[in-house]
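Source file: coords-v9.tsv; contents: TSV, N, CA and C atoms.
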chain	number	residue	atom	x	y	z
A	132	MET	N	-16.36	4.60	2.12
A	132	MET	CA	-15.35	4.78	3.12
A	132	MET	C	-14.02	5.12	2.45
A	133	ALA	N	-13.26	5.98	3.08
A	133	ALA	CA	-11.95	6.38	2.58
A	133	ALA	C	-10.85	5.63	3.33
A	134	TYR	N	-9.78	5.33	2.63
A	134	TYR	CA	-8.67	4.57	3.23
A	134	TYR	C	-7.38	5.36	3.16
A	135	GLN	N	-6.63	5.27	4.23
A	135	GLN	CA	-5.37	5.98	4.41
A	135	GLN	C	-4.31	4.95	4.79
A	136	ILE	N	-3.08	5.17	4.34
A	136	ILE	CA	-1.96	4.32	4.74
A	136	ILE	C	-0.97	5.21	5.47
A	137	TYR	N	-0.48	4.72	6.60
A	137	TYR	CA	0.46	5.54	7.35
A	137	TYR	C	1.44	4.71	8.16
A	138	ILE	N	2.57	5.35	8.45
A	138	ILE	CA	3.62	4.77	9.29
A	138	ILE	C	4.01	5.85	10.29
A	139	CYS	N	3.89	5.54	11.57
A	139	CYS	CA	4.33	6.47	12.61
A	139	CYS	C	5.84	6.40	12.73
A	140	ASN	N	6.48	7.54	13.00
A	140	ASN	CA	7.93	7.60	13.13
A	140	ASN	C	8.44	6.72	14.25
A	141	ASP	N	7.87	6.83	15.43
A	141	ASP	CA	8.17	5.93	16.55
A	141	ASP	C	7.10	6.15	17.61
A	142	SER	N	7.12	5.34	18.65
A	142	SER	CA	6.04	5.38	19.64
A	142	SER	C	6.00	6.67	20.44
A	143	SER	N	7.10	7.42	20.49
A	143	SER	CA	7.12	8.65	21.27
A	143	SER	C	6.90	9.90	20.43
A	144	SER	N	6.53	9.73	19.18
A	144	SER	CA	6.39	10.87	18.28
A	144	SER	C	5.04	10.85	17.58
A	145	ASP	N	4.50	12.05	17.38
A	145	ASP	CA	3.26	12.18	16.61
A	145	ASP	C	3.54	12.35	15.12
A	146	ASP	N	4.81	12.48	14.76
A	146	ASP	CA	5.20	12.64	13.36
A	146	ASP	C	4.94	11.35	12.58
A	147	LEU	N	4.52	11.52	11.35
A	147	LEU	CA	4.28	10.36	10.49
A	147	LEU	C	5.36	10.29	9.42
A	148	LEU	N	5.93	9.11	9.28
A	148	LEU	CA	6.90	8.86	8.23
A	148	LEU	C	6.18	8.79	6.88
A	149	LEU	N	4.97	8.27	6.91
A	149	LEU	CA	4.14	8.14	5.70
A	149	LEU	C	2.70	8.41	6.09
A	150	ASP	N	2.02	9.20	5.28
A	150	ASP	CA	0.60	9.49	5.48
A	150	ASP	C	0.02	9.81	4.11
A	151	LEU	N	-0.58	8.78	3.49
A	151	LEU	CA	-1.12	8.94	2.14
A	151	LEU	C	-2.57	8.46	2.06
A	152	TYR	N	-3.36	9.19	1.32
A	152	TYR	CA	-4.72	8.79	1.01
A	152	TYR	C	-4.67	7.76	-0.10
A	153	LEU	N	-5.26	6.57	0.13
A	153	LEU	CA	-5.28	5.53	-0.90
A	153	LEU	C	-6.50	5.64	-1.80
A	154	GLY	N	-7.62	6.08	-1.25
A	154	GLY	CA	-8.82	6.24	-2.05
A	154	GLY	C	-10.04	5.66	-1.37
A	155	SER	N	-11.14	5.71	-2.08
A	155	SER	CA	-12.39	5.14	-1.60
A	155	SER	C	-12.36	3.63	-1.75
A	156	ALA	N	-13.34	2.96	-1.19
A	156	ALA	CA	-13.42	1.50	-1.33
A	156	ALA	C	-13.48	1.09	-2.80
A	157	VAL	N	-14.19	1.86	-3.61
A	157	VAL	CA	-14.29	1.56	-5.05
A	157	VAL	C	-12.92	1.71	-5.72
A	158	THR	N	-12.22	2.77	-5.39
A	158	THR	CA	-10.89	3.00	-5.96
A	158	THR	C	-9.92	1.90	-5.53
A	159	ILE	N	-9.97	1.52	-4.26
A	159	ILE	CA	-9.08	0.47	-3.76
A	159	ILE	C	-9.37	-0.84	-4.48
A	160	GLU	N	-10.64	-1.15	-4.66
A	160	GLU	CA	-11.00	-2.39	-5.37
A	160	GLU	C	-10.48	-2.35	-6.80
A	161	MET	N	-10.69	-1.24	-7.48
A	161	MET	CA	-10.34	-1.14	-8.90
A	161	MET	C	-8.83	-1.17	-9.15
A	162	TYR	N	-8.09	-0.37	-8.40
A	162	TYR	CA	-6.67	-0.21	-8.69
A	162	TYR	C	-5.74	-1.03	-7.80
A	163	TRP	N	-6.23	-1.52	-6.68
A	163	TRP	CA	-5.39	-2.25	-5.75
A	163	TRP	C	-5.80	-3.71	-5.62
A	164	GLU	N	-6.96	-3.96	-5.04
A	164	GLU	CA	-7.33	-5.33	-4.69
A	164	GLU	C	-7.55	-6.23	-5.90
A	165	SER	N	-8.18	-5.74	-6.94
A	165	SER	CA	-8.39	-6.59	-8.12
A	165	SER	C	-7.05	-6.98	-8.76
A	166	ILE	N	-6.11	-6.05	-8.77
A	166	ILE	CA	-4.78	-6.35	-9.31
A	166	ILE	C	-4.03	-7.27	-8.35
A	167	GLY	N	-4.21	-7.06	-7.06
A	167	GLY	CA	-3.61	-7.95	-6.06
A	167	GLY	C	-4.06	-9.38	-6.25
A	168	ARG	N	-5.36	-9.57	-6.54
A	168	ARG	CA	-5.86	-10.93	-6.80
A	168	ARG	C	-5.28	-11.49	-8.10
A	169	LYS	N	-5.24	-10.66	-9.12
A	169	LYS	CA	-4.69	-11.07	-10.41
A	169	LYS	C	-3.24	-11.52	-10.28
A	170	LEU	N	-2.46	-10.81	-9.46
A	170	LEU	CA	-1.04	-11.10	-9.29
A	170	LEU	C	-0.77	-12.03	-8.11
A	171	GLU	N	-1.84	-12.48	-7.45
A	171	GLU	CA	-1.75	-13.37	-6.29
A	171	GLU	C	-0.92	-12.76	-5.17
A	172	LEU	N	-1.30	-11.54	-4.79
A	172	LEU	CA	-0.65	-10.80	-3.71
A	172	LEU	C	-1.63	-10.74	-2.54
A	173	PRO	N	-1.48	-11.62	-1.56
A	173	PRO	CA	-2.50	-11.76	-0.51
A	173	PRO	C	-2.74	-10.53	0.36
A	174	ILE	N	-1.73	-9.75	0.64
A	174	ILE	CA	-1.95	-8.57	1.49
A	174	ILE	C	-2.68	-7.49	0.69
A	175	ILE	N	-2.17	-7.18	-0.48
A	175	ILE	CA	-2.78	-6.13	-1.30
A	175	ILE	C	-4.21	-6.50	-1.71
A	176	SER	N	-4.46	-7.77	-1.98
A	176	SER	CA	-5.79	-8.18	-2.44
A	176	SER	C	-6.85	-8.12	-1.35
A	177	THR	N	-6.46	-7.91	-0.09
A	177	THR	CA	-7.43	-7.86	1.01
A	177	THR	C	-7.28	-6.60	1.87
A	178	LEU	N	-6.80	-5.51	1.30
A	178	LEU	CA	-6.57	-4.29	2.07
A	178	LEU	C	-7.81	-3.82	2.82
A	179	THR	N	-8.92	-3.68	2.12
A	179	THR	CA	-10.12	-3.13	2.78
A	179	THR	C	-10.71	-4.11	3.78
A	180	GLU	N	-10.70	-5.39	3.45
A	180	GLU	CA	-11.23	-6.40	4.36
A	180	GLU	C	-10.47	-6.38	5.69
A	181	LYS	N	-9.17	-6.34	5.60
A	181	LYS	CA	-8.35	-6.32	6.82
A	181	LYS	C	-8.45	-4.99	7.54
A	182	ALA	N	-8.44	-3.89	6.80
A	182	ALA	CA	-8.54	-2.56	7.42
A	182	ALA	C	-9.87	-2.39	8.14
A	183	ASP	N	-10.92	-2.99	7.61
A	183	ASP	CA	-12.25	-2.86	8.20
A	183	ASP	C	-12.51	-3.87	9.33
A	184	SER	N	-11.61	-4.82	9.52
A	184	SER	CA	-11.81	-5.83	10.56
A	184	SER	C	-11.59	-5.21	11.94
A	185	GLU	N	-12.01	-5.92	12.95
A	185	GLU	CA	-11.87	-5.43	14.32
A	185	GLU	C	-10.39	-5.20	14.67
A	186	GLU	N	-9.51	-6.05	14.18
A	186	GLU	CA	-8.08	-5.91	14.45
A	186	GLU	C	-7.43	-4.81	13.63
A	187	GLY	N	-8.03	-4.47	12.50
A	187	GLY	CA	-7.45	-3.49	11.60
A	187	GLY	C	-6.27	-4.09	10.84
A	188	LEU	N	-5.67	-3.29	10.00
A	188	LEU	CA	-4.51	-3.75	9.23
A	188	LEU	C	-3.26	-3.03	9.75
A	189	ALA	N	-2.43	-3.77	10.44
A	189	ALA	CA	-1.16	-3.26	10.94
A	189	ALA	C	-0.10	-4.29	10.59
A	190	LEU	N	0.94	-3.85	9.89
A	190	LEU	CA	1.99	-4.75	9.43
A	190	LEU	C	3.33	-4.34	10.02
A	191	SER	N	4.04	-5.31	10.56
A	191	SER	CA	5.38	-5.09	11.07
A	191	SER	C	6.18	-6.36	10.89
A	192	GLY	N	7.48	-6.28	11.11
A	192	GLY	CA	8.34	-7.46	11.03
A	192	GLY	C	8.26	-8.15	9.68
A	193	ASN	N	8.13	-9.47	9.70
A	193	ASN	CA	8.08	-10.27	8.47
A	193	ASN	C	6.90	-9.91	7.58
A	194	ASP	N	5.76	-9.56	8.19
A	194	ASP	CA	4.59	-9.17	7.39
A	194	ASP	C	4.88	-7.90	6.59
A	195	LEU	N	5.63	-7.00	7.18
A	195	LEU	CA	5.98	-5.77	6.48
A	195	LEU	C	6.94	-6.06	5.33
A	196	VAL	N	7.84	-7.00	5.51
A	196	VAL	CA	8.76	-7.42	4.43
A	196	VAL	C	7.94	-8.03	3.29
A	197	LEU	N	6.97	-8.88	3.61
A	197	LEU	CA	6.10	-9.47	2.58
A	197	LEU	C	5.33	-8.39	1.83
A	198	PHE	N	4.83	-7.41	2.56
A	198	PHE	CA	4.10	-6.31	1.93
A	198	PHE	C	5.01	-5.54	0.98
A	199	LYS	N	6.24	-5.26	1.40
A	199	LYS	CA	7.18	-4.56	0.53
A	199	LYS	C	7.43	-5.36	-0.75
A	200	ASP	N	7.60	-6.66	-0.61
A	200	ASP	CA	7.80	-7.52	-1.78
A	200	ASP	C	6.59	-7.46	-2.71
A	201	GLU	N	5.39	-7.50	-2.13
A	201	GLU	CA	4.17	-7.38	-2.93
A	201	GLU	C	4.11	-6.02	-3.62
A	202	MET	N	4.48	-4.97	-2.90
A	202	MET	CA	4.44	-3.63	-3.48
A	202	MET	C	5.40	-3.50	-4.65
A	203	ASN	N	6.55	-4.15	-4.59
A	203	ASN	CA	7.49	-4.12	-5.72
A	203	ASN	C	6.88	-4.77	-6.96
A	204	ILE	N	6.21	-5.89	-6.79
A	204	ILE	CA	5.54	-6.58	-7.90
A	204	ILE	C	4.40	-5.71	-8.42
A	205	PHE	N	3.62	-5.16	-7.49
A	205	PHE	CA	2.49	-4.29	-7.82
A	205	PHE	C	2.97	-3.07	-8.61
A	206	GLU	N	4.05	-2.45	-8.18
A	206	GLU	CA	4.60	-1.28	-8.87
A	206	GLU	C	5.03	-1.65	-10.29
A	207	GLN	N	5.72	-2.77	-10.46
A	207	GLN	CA	6.17	-3.17	-11.79
A	207	GLN	C	4.98	-3.42	-12.72
A	208	TYR	N	3.92	-4.02	-12.17
A	208	TYR	CA	2.71	-4.23	-12.97
A	208	TYR	C	2.18	-2.90	-13.50
A	209	TRP	N	2.03	-1.92	-12.61
A	209	TRP	CA	1.45	-0.65	-13.02
A	209	TRP	C	2.39	0.15	-13.92
A	210	ILE	N	3.68	0.00	-13.76
A	210	ILE	CA	4.61	0.66	-14.68
A	210	ILE	C	4.42	0.10	-16.08
A	211	SER	N	4.25	-1.22	-16.18
A	211	SER	CA	4.07	-1.83	-17.51
A	211	SER	C	2.69	-1.54	-18.10
A	212	GLU	N	1.69	-1.32	-17.25
A	212	GLU	CA	0.31	-1.07	-17.72
A	212	GLU	C	-0.02	0.41	-17.85
A	213	ASN	N	0.86	1.27	-17.40
A	213	ASN	CA	0.60	2.70	-17.33
A	213	ASN	C	0.11	3.30	-18.64
A	214	SER	N	0.66	2.86	-19.75
A	214	SER	CA	0.25	3.43	-21.04
A	214	SER	C	-1.11	2.91	-21.51
A	215	ASN	N	-1.59	1.81	-20.92
A	215	ASN	CA	-2.86	1.21	-21.34
A	215	ASN	C	-4.06	1.68	-20.52
A	216	ILE	N	-3.81	2.19	-19.32
A	216	ILE	CA	-4.89	2.53	-18.39
A	216	ILE	C	-4.64	3.93	-17.85
A	217	ASP	N	-5.72	4.71	-17.78
A	217	ASP	CA	-5.64	6.05	-17.22
A	217	ASP	C	-5.64	5.95	-15.69
A	218	LEU	N	-4.49	6.15	-15.07
A	218	LEU	CA	-4.34	6.03	-13.62
A	218	LEU	C	-4.67	7.35	-12.93
A	219	PRO	N	-5.11	7.27	-11.68
A	219	PRO	CA	-5.32	8.51	-10.92
A	219	PRO	C	-4.03	9.32	-10.85
A	220	GLU	N	-4.16	10.63	-10.78
A	220	GLU	CA	-3.00	11.51	-10.72
A	220	GLU	C	-2.12	11.16	-9.52
A	221	GLY	N	-0.83	11.01	-9.77
A	221	GLY	CA	0.14	10.73	-8.72
A	221	GLY	C	0.17	9.29	-8.24
A	222	PHE	N	-0.56	8.41	-8.89
A	222	PHE	CA	-0.67	7.02	-8.44
A	222	PHE	C	0.68	6.32	-8.38
A	223	LEU	N	1.45	6.38	-9.46
A	223	LEU	CA	2.75	5.71	-9.48
A	223	LEU	C	3.74	6.36	-8.52
A	224	VAL	N	3.67	7.66	-8.38
A	224	VAL	CA	4.53	8.37	-7.43
A	224	VAL	C	4.22	7.90	-6.01
A	225	ASN	N	2.93	7.76	-5.70
A	225	ASN	CA	2.54	7.31	-4.36
A	225	ASN	C	2.96	5.86	-4.11
A	226	ILE	N	2.85	5.01	-5.12
A	226	ILE	CA	3.30	3.63	-4.96
A	226	ILE	C	4.80	3.61	-4.63
A	227	ARG	N	5.59	4.39	-5.36
A	227	ARG	CA	7.04	4.44	-5.11
A	227	ARG	C	7.30	4.94	-3.69
A	228	LYS	N	6.55	5.96	-3.26
A	228	LYS	CA	6.73	6.49	-1.91
A	228	LYS	C	6.40	5.43	-0.86
A	229	ILE	N	5.34	4.66	-1.08
A	229	ILE	CA	4.98	3.59	-0.14
A	229	ILE	C	6.11	2.56	-0.06
A	230	VAL	N	6.66	2.18	-1.20
A	230	VAL	CA	7.76	1.20	-1.21
A	230	VAL	C	8.96	1.75	-0.43
A	231	GLU	N	9.34	2.98	-0.71
A	231	GLU	CA	10.50	3.57	-0.05
A	231	GLU	C	10.30	3.70	1.46
A	232	GLU	N	9.14	4.18	1.86
A	232	GLU	CA	8.89	4.37	3.29
A	232	GLU	C	8.70	3.03	4.01
A	233	THR	N	8.20	2.03	3.30
A	233	THR	CA	8.11	0.69	3.88
A	233	THR	C	9.50	0.14	4.14
A	234	GLU	N	10.43	0.38	3.23
A	234	GLU	CA	11.82	-0.04	3.44
A	234	GLU	C	12.39	0.62	4.69
A	235	HIS	N	12.13	1.93	4.86
A	235	HIS	CA	12.58	2.63	6.07
A	235	HIS	C	11.95	2.03	7.32
A	236	ALA	N	10.66	1.73	7.24
A	236	ALA	CA	9.95	1.17	8.39
A	236	ALA	C	10.53	-0.19	8.78
A	237	ILE	N	10.87	-0.99	7.80
A	237	ILE	CA	11.47	-2.31	8.07
A	237	ILE	C	12.80	-2.12	8.80
A	238	SER	N	13.64	-1.24	8.30
A	238	SER	CA	14.97	-1.05	8.90
A	238	SER	C	14.90	-0.44	10.30
A	239	ARG	N	13.80	0.25	10.61
A	239	ARG	CA	13.66	0.90	11.91
A	239	ARG	C	12.69	0.18	12.85
A	240	GLY	N	12.14	-0.95	12.40
A	240	GLY	CA	11.25	-1.71	13.25
A	240	GLY	C	9.91	-1.05	13.49
A	241	LEU	N	9.41	-0.31	12.50
A	241	LEU	CA	8.14	0.42	12.64
A	241	LEU	C	6.98	-0.41	12.10
A	242	THR	N	5.78	0.11	12.29
A	242	THR	CA	4.56	-0.56	11.85
A	242	THR	C	3.84	0.28	10.82
A	243	LEU	N	3.36	-0.34	9.77
A	243	LEU	CA	2.55	0.29	8.74
A	243	LEU	C	1.10	-0.05	9.02
A	244	MET	N	0.21	0.93	8.88
A	244	MET	CA	-1.21	0.71	9.14
A	244	MET	C	-2.05	1.25	7.98
A	245	VAL	N	-3.18	0.59	7.76
A	245	VAL	CA	-4.17	1.06	6.80
A	245	VAL	C	-5.49	1.16	7.57
A	246	SER	N	-6.13	2.31	7.43
A	246	SER	CA	-7.43	2.50	8.08
A	246	SER	C	-8.34	3.34	7.20
Hey, can you dump this file as structure tokens for me?
Amino acid sequence: MAYQIYICNDSSSDDLLLDLYLGSAVTIEMYWESIGRKLELPIISTLTEKADSEEGLALSGNDLVLFKDEMNIFEQYWISENSNIDLPEGFLVNIRKIVEETEHAISRGLTLMVS
């Protein structure tokens, strides 16, 4: 299964503030969830489980702030490990974009979703 992360601009628009492919379940486990568990980041460590649940993964309000905080820790980890591990092309750029757009979503009261 493939996973996508996105933020809609607002309820009356089809435009997306963020629309990024995260990867397959294997990629998410390898580069996201395993590191989330290592760093004790509860949202990142359960991305696929929550996205695959009946409720899906939708973050807003305080949960979105927690996710942004986790993403900052996650980004710093990968910046420090970048020279030791061959990352997928554009991985760090996409992480930075997720952090930036999550900040915009928080300030505008939007919701981030993973599916």
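With atom C of Glu231 of chain A on one side and atom CA of Leu149 of chain A on the other, the separation reads 8.7 Å.
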With distances taken over only C-alpha atoms, which residue among A:Thr158, A:Thr177, A:Ser246, A:Gln135 lies nearest Phe198 of chain A? A:Thr177
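For segment 138-243 of chain A, a DSSP pass over the backbone yields strand (DSSP E) at Ile138, Cys139, Leu147, Leu148, Leu149, Asp150, Leu151, Tyr152, Leu153, Gly154, Ser155, Leu188, Ala189, Leu190 and Leu243 of chain A.
When atom CA of Leu172 of chain A is paired with atom CA of Phe205 of chain A, their separation reads 8.3 Å.
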Run DSSP on the backbone and grab whatever in chain A lands in alpha helix (DSSP H); send it over as an mmCIF file with N, CA and C atoms, in the coordinates of the input.
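Output contents, as saved in result_1.cif:
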data_model
loop_
_atom_site.group_PDB
_atom_site.id
_atom_site.type_symbol
_atom_site.label_atom_id
_atom_site.label_comp_id
_atom_site.auth_asym_id
_atom_site.auth_seq_id
_atom_site.Cartn_x
_atom_site.Cartn_y
_atom_site.Cartn_z
ATOM 1 N N ALA A 156 -13.340 2.960 -1.190
ATOM 2 C CA ALA A 156 -13.420 1.500 -1.330
ATOM 3 C C ALA A 156 -13.480 1.090 -2.800
ATOM 4 N N VAL A 157 -14.190 1.860 -3.610
ATOM 5 C CA VAL A 157 -14.290 1.560 -5.050
ATOM 6 C C VAL A 157 -12.920 1.710 -5.720
ATOM 7 N N THR A 158 -12.220 2.770 -5.390
ATOM 8 C CA THR A 158 -10.890 3.000 -5.960
ATOM 9 C C THR A 158 -9.920 1.900 -5.530
ATOM 10 N N ILE A 159 -9.970 1.520 -4.260
ATOM 11 C CA ILE A 159 -9.080 0.470 -3.760
ATOM 12 C C ILE A 159 -9.370 -0.840 -4.480
ATOM 13 N N SER A 165 -8.180 -5.740 -6.940
ATOM 14 C CA SER A 165 -8.390 -6.590 -8.120
ATOM 15 C C SER A 165 -7.050 -6.980 -8.760
ATOM 16 N N ILE A 166 -6.110 -6.050 -8.770
ATOM 17 C CA ILE A 166 -4.780 -6.350 -9.310
ATOM 18 C C ILE A 166 -4.030 -7.270 -8.350
ATOM 19 N N GLY A 167 -4.210 -7.060 -7.060
ATOM 20 C CA GLY A 167 -3.610 -7.950 -6.060
ATOM 21 C C GLY A 167 -4.060 -9.380 -6.250
ATOM 22 N N ARG A 168 -5.360 -9.570 -6.540
ATOM 23 C CA ARG A 168 -5.860 -10.930 -6.800
ATOM 24 C C ARG A 168 -5.280 -11.490 -8.100
ATOM 25 N N LYS A 169 -5.240 -10.660 -9.120
ATOM 26 C CA LYS A 169 -4.690 -11.070 -10.410
ATOM 27 C C LYS A 169 -3.240 -11.520 -10.280
ATOM 28 N N LEU A 178 -6.800 -5.510 1.300
ATOM 29 C CA LEU A 178 -6.570 -4.290 2.070
ATOM 30 C C LEU A 178 -7.810 -3.820 2.820
ATOM 31 N N THR A 179 -8.920 -3.680 2.120
ATOM 32 C CA THR A 179 -10.120 -3.130 2.780
ATOM 33 C C THR A 179 -10.710 -4.110 3.780
ATOM 34 N N GLU A 180 -10.700 -5.390 3.450
ATOM 35 C CA GLU A 180 -11.230 -6.400 4.360
ATOM 36 C C GLU A 180 -10.470 -6.380 5.690
ATOM 37 N N LYS A 181 -9.170 -6.340 5.600
ATOM 38 C CA LYS A 181 -8.350 -6.320 6.820
ATOM 39 C C LYS A 181 -8.450 -4.990 7.540
ATOM 40 N N ALA A 182 -8.440 -3.890 6.800
ATOM 41 C CA ALA A 182 -8.540 -2.560 7.420
ATOM 42 C C ALA A 182 -9.870 -2.390 8.140
ATOM 43 N N ASP A 183 -10.920 -2.990 7.610
ATOM 44 C CA ASP A 183 -12.250 -2.860 8.200
ATOM 45 C C ASP A 183 -12.510 -3.870 9.330
ATOM 46 N N GLY A 192 7.480 -6.280 11.110
ATOM 47 C CA GLY A 192 8.340 -7.460 11.030
ATOM 48 C C GLY A 192 8.260 -8.150 9.680
ATOM 49 N N ASN A 193 8.130 -9.470 9.700
ATOM 50 C CA ASN A 193 8.080 -10.270 8.470
ATOM 51 C C ASN A 193 6.900 -9.910 7.580
ATOM 52 N N ASP A 194 5.760 -9.560 8.190
ATOM 53 C CA ASP A 194 4.590 -9.170 7.390
ATOM 54 C C ASP A 194 4.880 -7.900 6.590
ATOM 55 N N LEU A 195 5.630 -7.000 7.180
ATOM 56 C CA LEU A 195 5.980 -5.770 6.480
ATOM 57 C C LEU A 195 6.940 -6.060 5.330
ATOM 58 N N VAL A 196 7.840 -7.000 5.510
ATOM 59 C CA VAL A 196 8.760 -7.420 4.430
ATOM 60 C C VAL A 196 7.940 -8.030 3.290
ATOM 61 N N LEU A 197 6.970 -8.880 3.610
ATOM 62 C CA LEU A 197 6.100 -9.470 2.580
ATOM 63 C C LEU A 197 5.330 -8.390 1.830
ATOM 64 N N PHE A 198 4.830 -7.410 2.560
ATOM 65 C CA PHE A 198 4.100 -6.310 1.930
ATOM 66 C C PHE A 198 5.010 -5.540 0.980
ATOM 67 N N LYS A 199 6.240 -5.260 1.400
ATOM 68 C CA LYS A 199 7.180 -4.560 0.530
ATOM 69 C C LYS A 199 7.430 -5.360 -0.750
ATOM 70 N N ASP A 200 7.600 -6.660 -0.610
ATOM 71 C CA ASP A 200 7.800 -7.520 -1.780
ATOM 72 C C ASP A 200 6.590 -7.460 -2.710
ATOM 73 N N GLU A 201 5.390 -7.500 -2.130
ATOM 74 C CA GLU A 201 4.170 -7.380 -2.930
ATOM 75 C C GLU A 201 4.110 -6.020 -3.620
ATOM 76 N N MET A 202 4.480 -4.970 -2.900
ATOM 77 C CA MET A 202 4.440 -3.630 -3.480
ATOM 78 C C MET A 202 5.400 -3.500 -4.650
ATOM 79 N N ASN A 203 6.550 -4.150 -4.590
ATOM 80 C CA ASN A 203 7.490 -4.120 -5.720
ATOM 81 C C ASN A 203 6.880 -4.770 -6.960
ATOM 82 N N ILE A 204 6.210 -5.890 -6.790
ATOM 83 C CA ILE A 204 5.540 -6.580 -7.900
ATOM 84 C C ILE A 204 4.400 -5.710 -8.420
ATOM 85 N N PHE A 205 3.620 -5.160 -7.490
ATOM 86 C CA PHE A 205 2.490 -4.290 -7.820
ATOM 87 C C PHE A 205 2.970 -3.070 -8.610
ATOM 88 N N GLU A 206 4.050 -2.450 -8.180
ATOM 89 C CA GLU A 206 4.600 -1.280 -8.870
ATOM 90 C C GLU A 206 5.030 -1.650 -10.290
ATOM 91 N N GLN A 207 5.720 -2.770 -10.460
ATOM 92 C CA GLN A 207 6.170 -3.170 -11.790
ATOM 93 C C GLN A 207 4.980 -3.420 -12.720
ATOM 94 N N TYR A 208 3.920 -4.020 -12.170
ATOM 95 C CA TYR A 208 2.710 -4.230 -12.970
ATOM 96 C C TYR A 208 2.180 -2.900 -13.500
ATOM 97 N N TRP A 209 2.030 -1.920 -12.610
ATOM 98 C CA TRP A 209 1.450 -0.650 -13.020
ATOM 99 C C TRP A 209 2.390 0.150 -13.920
ATOM 100 N N ILE A 210 3.680 0.000 -13.760
ATOM 101 C CA ILE A 210 4.610 0.660 -14.680
ATOM 102 C C ILE A 210 4.420 0.100 -16.080
ATOM 103 N N SER A 211 4.250 -1.220 -16.180
ATOM 104 C CA SER A 211 4.070 -1.830 -17.510
ATOM 105 C C SER A 211 2.690 -1.540 -18.100
ATOM 106 N N GLU A 212 1.690 -1.320 -17.250
ATOM 107 C CA GLU A 212 0.310 -1.070 -17.720
ATOM 108 C C GLU A 212 -0.020 0.410 -17.850
ATOM 109 N N PHE A 222 -0.560 8.410 -8.890
ATOM 110 C CA PHE A 222 -0.670 7.020 -8.440
ATOM 111 C C PHE A 222 0.680 6.320 -8.380
ATOM 112 N N LEU A 223 1.450 6.380 -9.460
ATOM 113 C CA LEU A 223 2.750 5.710 -9.480
ATOM 114 C C LEU A 223 3.740 6.360 -8.520
ATOM 115 N N VAL A 224 3.670 7.660 -8.380
ATOM 116 C CA VAL A 224 4.530 8.370 -7.430
ATOM 117 C C VAL A 224 4.220 7.900 -6.010
ATOM 118 N N ASN A 225 2.930 7.760 -5.700
ATOM 119 C CA ASN A 225 2.540 7.310 -4.360
ATOM 120 C C ASN A 225 2.960 5.860 -4.110
ATOM 121 N N ILE A 226 2.850 5.010 -5.120
ATOM 122 C CA ILE A 226 3.300 3.630 -4.960
ATOM 123 C C ILE A 226 4.800 3.610 -4.630
ATOM 124 N N ARG A 227 5.590 4.390 -5.360
ATOM 125 C CA ARG A 227 7.040 4.440 -5.110
ATOM 126 C C ARG A 227 7.300 4.940 -3.690
ATOM 127 N N LYS A 228 6.550 5.960 -3.260
ATOM 128 C CA LYS A 228 6.730 6.490 -1.910
ATOM 129 C C LYS A 228 6.400 5.430 -0.860
ATOM 130 N N ILE A 229 5.340 4.660 -1.080
ATOM 131 C CA ILE A 229 4.980 3.590 -0.140
ATOM 132 C C ILE A 229 6.110 2.560 -0.060
ATOM 133 N N VAL A 230 6.660 2.180 -1.200
ATOM 134 C CA VAL A 230 7.760 1.200 -1.210
ATOM 135 C C VAL A 230 8.960 1.750 -0.430
ATOM 136 N N GLU A 231 9.340 2.980 -0.710
ATOM 137 C CA GLU A 231 10.500 3.570 -0.050
ATOM 138 C C GLU A 231 10.300 3.700 1.460
ATOM 139 N N GLU A 232 9.140 4.180 1.860
ATOM 140 C CA GLU A 232 8.890 4.370 3.290
ATOM 141 C C GLU A 232 8.700 3.030 4.010
ATOM 142 N N THR A 233 8.200 2.030 3.300
ATOM 143 C CA THR A 233 8.110 0.690 3.880
ATOM 144 C C THR A 233 9.500 0.140 4.140
ATOM 145 N N GLU A 234 10.430 0.380 3.230
ATOM 146 C CA GLU A 234 11.820 -0.040 3.440
ATOM 147 C C GLU A 234 12.390 0.620 4.690
ATOM 148 N N HIS A 235 12.130 1.930 4.860
ATOM 149 C CA HIS A 235 12.580 2.630 6.070
ATOM 150 C C HIS A 235 11.950 2.030 7.320
ATOM 151 N N ALA A 236 10.660 1.730 7.240
ATOM 152 C CA ALA A 236 9.950 1.170 8.390
ATOM 153 C C ALA A 236 10.530 -0.190 8.780
ATOM 154 N N ILE A 237 10.870 -0.990 7.800
ATOM 155 C CA ILE A 237 11.470 -2.310 8.070
ATOM 156 C C ILE A 237 12.800 -2.120 8.800
ATOM 157 N N SER A 238 13.640 -1.240 8.300
ATOM 158 C CA SER A 238 14.970 -1.050 8.900
ATOM 159 C C SER A 238 14.900 -0.440 10.300
ATOM 160 N N ARG A 239 13.800 0.250 10.610
ATOM 161 C CA ARG A 239 13.660 0.900 11.910
ATOM 162 C C ARG A 239 12.690 0.180 12.850
#
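The interatomic distance for the pair atom CA of Ile175 of chain A and atom N of Tyr137 of chain A works out to 13.6 Å.
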Neighbouring residues of segment 181-189 of chain A were defined as those with any atom within 5 Å, considering all atoms listed in the file; residues of the same chain fewer than 4 positions away were excluded. Please report them as a VMD selection string. chain A and resid 177 243 to 245
Could you please take those selected residues and save N, CA and C atoms as a compact mmCIF listing (two decimals), keeping the file's coordinate frame?
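Ended up saving to out_9.txt:
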# COMPACT_ATOMS: atom_id res chain seq x y z
N THR A 177 -6.46 -7.91 -0.09
CA THR A 177 -7.43 -7.86 1.01
C THR A 177 -7.28 -6.60 1.87
N LEU A 243 3.36 -0.34 9.77
CA LEU A 243 2.55 0.29 8.74
C LEU A 243 1.10 -0.05 9.02
N MET A 244 0.21 0.93 8.88
CA MET A 244 -1.21 0.71 9.14
C MET A 244 -2.05 1.25 7.98
N VAL A 245 -3.18 0.59 7.76
CA VAL A 245 -4.17 1.06 6.80
C VAL A 245 -5.49 1.16 7.57
